[in-house]
There are 2 protein chains.
Amino acid sequence: MTGARLTDLVASLPATVPFVGPETQERRRGAPFAARIGANESVFGPSPAAIAAMRTAAPEAWMYGDPEVHELRAAIAAHHGARPENIVAGEGIDGLLGYLVRLTVAGGDRVVTSDGAYPTFNFHVAGFGGVLERVPYAGDHEDPDALIARAAEVGAKLLYLANPDNPMGSHHPGARIEAMLGRLPEGTLLVLDEAYVDLAPEGTAARIDPDDPRVIRMRTFSKAHGLAGLRVGYAIGAPGLIAAFDRVRNHFGLGRIAQAGALAALADQGWIASVRAEVVASRARIGEVAARHGLRALPSATNFVTIDCGADGAFARRVLAGLVARGVFVRMPFVAPHDRCIRVSCGREAEHLAFAAALPEALADALAEARG
Amino acid sequence: MTGARLTDLVASLPATVPFVGPETQERRRGAPFAARIGANESVFGPSPAAIAAMRTAAPEAWMYGDPEVHELRAAIAAHHGARPENIVAGEGIDGLLGYLVRLTVAGGDRVVTSDGAYPTFNFHVAGFGGVLERVPYAGDHEDPDALIARAAEVGAKLLYLANPDNPMGSHHPGARIEAMLGRLPEGTLLVLDEAYVDLAPEGTAARIDPDDPRVIRMRTFSKAHGLAGLRVGYAIGAPGLIAAFDRVRNHFGLGRIAQAGALAALADQGWIASVRAEVVASRARIGEVAARHGLRALPSATNFVTIDCGADGAFARRVLAGLVARGVFVRMPFVAPHDRCIRVSCGREAEHLAFAAALPEALADALAEARG
């Protein structure tokens, strides 16, 4: 009576998952968080127009969503000066990264990323048998030159780079990314994750021909658009590569409410501008709170602020634990030397006050513990 | 300037997709369908409680859904007399079938199904390099004995069976499925797709110990619950197999609105009962319309009726084209001899009237064409 036999690859995968959700932590704590500023969600919420569209679509949820995602892809294409053939929409950037890795990475294929960059991308690479090559950051920035050099060295199928970066919040000017294209090794595809680019300074978005076969850009409705819980992302790329997604994707994966909500969110660029203003103000406010307690906030091009706690990973983990124990959900980078930091998502006054109240207590506890 | 290199497996996959959506057909026709009864969606819609829950959740869509899907899995487990460890919830049965195939099927592994059964399952098997072994139906029923014999012969990793069946609408008593378990070859997992079982006669759902490692059952909110466009399905199985999904699934794949809607839909069993009554009445009505024009409706345990058009596949395809041309979206089985039939989803009076008006005209055209 045996039942399922897992593949050798799956049997070799770890049972650990990239992220523990805040709900799991709340169940462990036995209490809800007072401030949910750990997953870079947008507490500013989605556009009222998107909320209205989702509510209108709710009774229509008996119908599958259009498997060609025709209307949304057309709107996205128009937004980017591209054609619908350049766009694949899917179940968040996470889902699209999974499809992309599946399309390109077979057992033993090399993939280059930065050590400490997006764990879910690594999860997909490992999950399809790829071999990850991790390149150190240059300080708090991902290092384009080192990434390209490593990709050439190992003949990488994919080179992952997020601009702006998560978890450090840093960014490169778009021109720096554009300059990478001509230096990519033959046969290496640049996976440019621009999840946070709507919140970055002018000029951060690389100007790239949508038909350029050397790069695929990933965008999401989860950050500036405030729709993390709707699960809609998209990729912009050359038609040949975009068409390949049809060979493996779940064709009905984007539901009725998801397509309606994303379409309305994209149309409301005024809302994105207002969120951007709120984010800029919140970054400053979080930086002030950090500075008040002797901590340095790193410059951020995203909807979160990465704060250097001024010591090692063990110390930052204590600060994080102290914040979580006080009802403030935050996260931190996984890898040294960045794990000297904690990462705080932007919020409104309620979140700022909760963080400002909890931080000095968490710091005091961490210092006391460090002194033994 | 090459960019992406697809894997050998992906390069070998066809560019065709399992289903063309009704929206695509509407764009080609240049007009919307008057009756949408081709994809076995539930025109009766979701429970009002589910609609309310989705609307309430809409402004909260800035938050990722709980990646452990704790509350919904607990409710599903209670509904089935199982434990949460027996349940994985995911992006529809389509998504879960993809994960299951990925977990178990590597290049060259054999998978057994019925010739003409669910194409999306076949899409996943081919997509992960599995080799499909197709067993003929016994008449209009899937053939458990022949499926088991073939699985033993080829050492199949998976044996797919839908009960009730799609596209024929037939079913086996649950006891027949239960009796299969003891006869499964060592190392063959039974994939029991029960998407339509909520609409089947009493006794169709096999009584299976949730911890039985020989079988995984698939259920959905897309049919009786009227939430095809929300993308929520679940699987019931032994904890070891269920835990393995965590190694490959998109952990944040079930969004906030999806979890809230499914939870409310599950709680409203009164709605399911009312849908069941509407479906039973609609099946009878569709059968009457068919009989009035000399066609035989097959017995159905689902929310659709498969109608034998009394000739060959070419004739049925003409009837189908005539219905579509008259604004009635229906589908038909892909494979002979079942492609002598068309498949009509249950509806309300508006759908019945549209079908009753279009069928005689479509039949007359098809007959005229057949006569040359």
# chains A, B, ... in the order shown; residues from 1 in each chain; ligands from 1

$ closest_atom_pairs --of "chain A" --to "chain B" --cutoff "7 Å" --atoms "only C-alpha atoms" --output "tab-separated table"
residue	atom	partner	partner_atom	distance
A:Met1	CA	B:Glu186	CA	6.5
A:Thr2	CA	B:Gly187	CA	5.5
A:Gly3	CA	B:Arg214	CA	4.0
A:Ala4	CA	B:Leu189	CA	5.1
A:Arg5	CA	B:Thr104	CA	5.9
A:Leu6	CA	B:Thr104	CA	4.4
A:Thr7	CA	B:Thr104	CA	5.1
A:Val10	CA	B:Leu103	CA	6.0
A:Leu13	CA	B:Arg247	CA	6.5
A:Pro14	CA	B:Arg247	CA	6.8
A:Ala15	CA	B:Arg247	CA	5.7
A:Gly21	CA	B:Pro67	CA	6.1
A:Glu23	CA	B:Asp66	CA	6.0
A:Glu41	CA	B:Met63	CA	6.1
A:Ser42	CA	B:Trp62	CA	5.8
A:Val43	CA	B:Trp62	CA	6.7
A:Gly45	CA	B:Trp62	CA	5.2
A:Pro46	CA	B:Trp62	CA	6.3
A:Ile51	CA	B:Ala58	CA	5.7
A:Met54	CA	B:Ala58	CA	6.4
A:Arg55	CA	B:Arg55	CA	5.0
A:Ala58	CA	B:Ile51	CA	5.7
A:Pro59	CA	B:Ile51	CA	5.9
A:Ala61	CA	B:Gly229	CA	4.5
A:Trp62	CA	B:Leu227	CA	4.4
A:Met63	CA	B:Gly229	CA	5.0
A:Tyr64	CA	B:Gly229	CA	4.0
A:Gly65	CA	B:Gly229	CA	5.4
A:Asp66	CA	B:Glu23	CA	6.0
A:Pro67	CA	B:Gly21	CA	6.0
A:Glu91	CA	B:Gly253	CA	6.9
A:Asp94	CA	B:Asn250	CA	6.9
A:Gly95	CA	B:Asn250	CA	6.6
A:Leu103	CA	B:Leu6	CA	5.5
A:Thr104	CA	B:Leu6	CA	4.5
A:Val105	CA	B:Thr7	CA	6.2
A:Ala106	CA	B:Thr7	CA	6.1
A:Gly127	CA	B:Val248	CA	6.3
A:Lys157	CA	B:Arg5	CA	6.8
A:Glu186	CA	B:Thr2	CA	6.2
A:Gly187	CA	B:Gly3	CA	5.0
A:Thr188	CA	B:Gly3	CA	5.6
A:Leu189	CA	B:Gly3	CA	4.7
A:Pro213	CA	B:Gly3	CA	5.0
A:Arg214	CA	B:Gly3	CA	4.0
A:Val215	CA	B:Gly3	CA	6.8
A:Gly226	CA	B:Trp62	CA	4.5
A:Leu227	CA	B:Trp62	CA	4.4
A:Ala228	CA	B:Tyr64	CA	5.0
A:Gly229	CA	B:Tyr64	CA	4.0
A:Leu230	CA	B:Gly255	CA	5.3
A:Arg231	CA	B:Gly255	CA	6.1
A:Asp246	CA	B:Ala15	CA	6.8
A:Arg247	CA	B:Ala15	CA	5.7
A:Val248	CA	B:Gly127	CA	6.3
A:Asn250	CA	B:Gly95	CA	6.6
A:Gly253	CA	B:Arg231	CA	6.8
A:Gly255	CA	B:Gly229	CA	4.4
A:Arg256	CA	B:Gly229	CA	4.8
A:Ile257	CA	B:Leu230	CA	7.0

$ residues_around --residues "region 161-167 of chain A" --least-positions-apart "2" --cutoff "10 Å" --atoms "only C-alpha atoms" --output "number ranges by chain"
A: 40, 112-114, 116-118, 140-144, 147, 158-159, 169-174, 177, 190-201, 204-206, 217-218, 300-302, 304-306, 331-334, 338-339, 341-344

$ residues_around --residues "Tyr234 (chain A)" --least-positions-apart "6" --cutoff "8 Å" --atoms "only C-alpha atoms" --output "list in words"
Ile87, Val88, Ala89, Gly90, Gly92, Ile93, Leu96, Met218, Arg219 and Thr220 of chain A
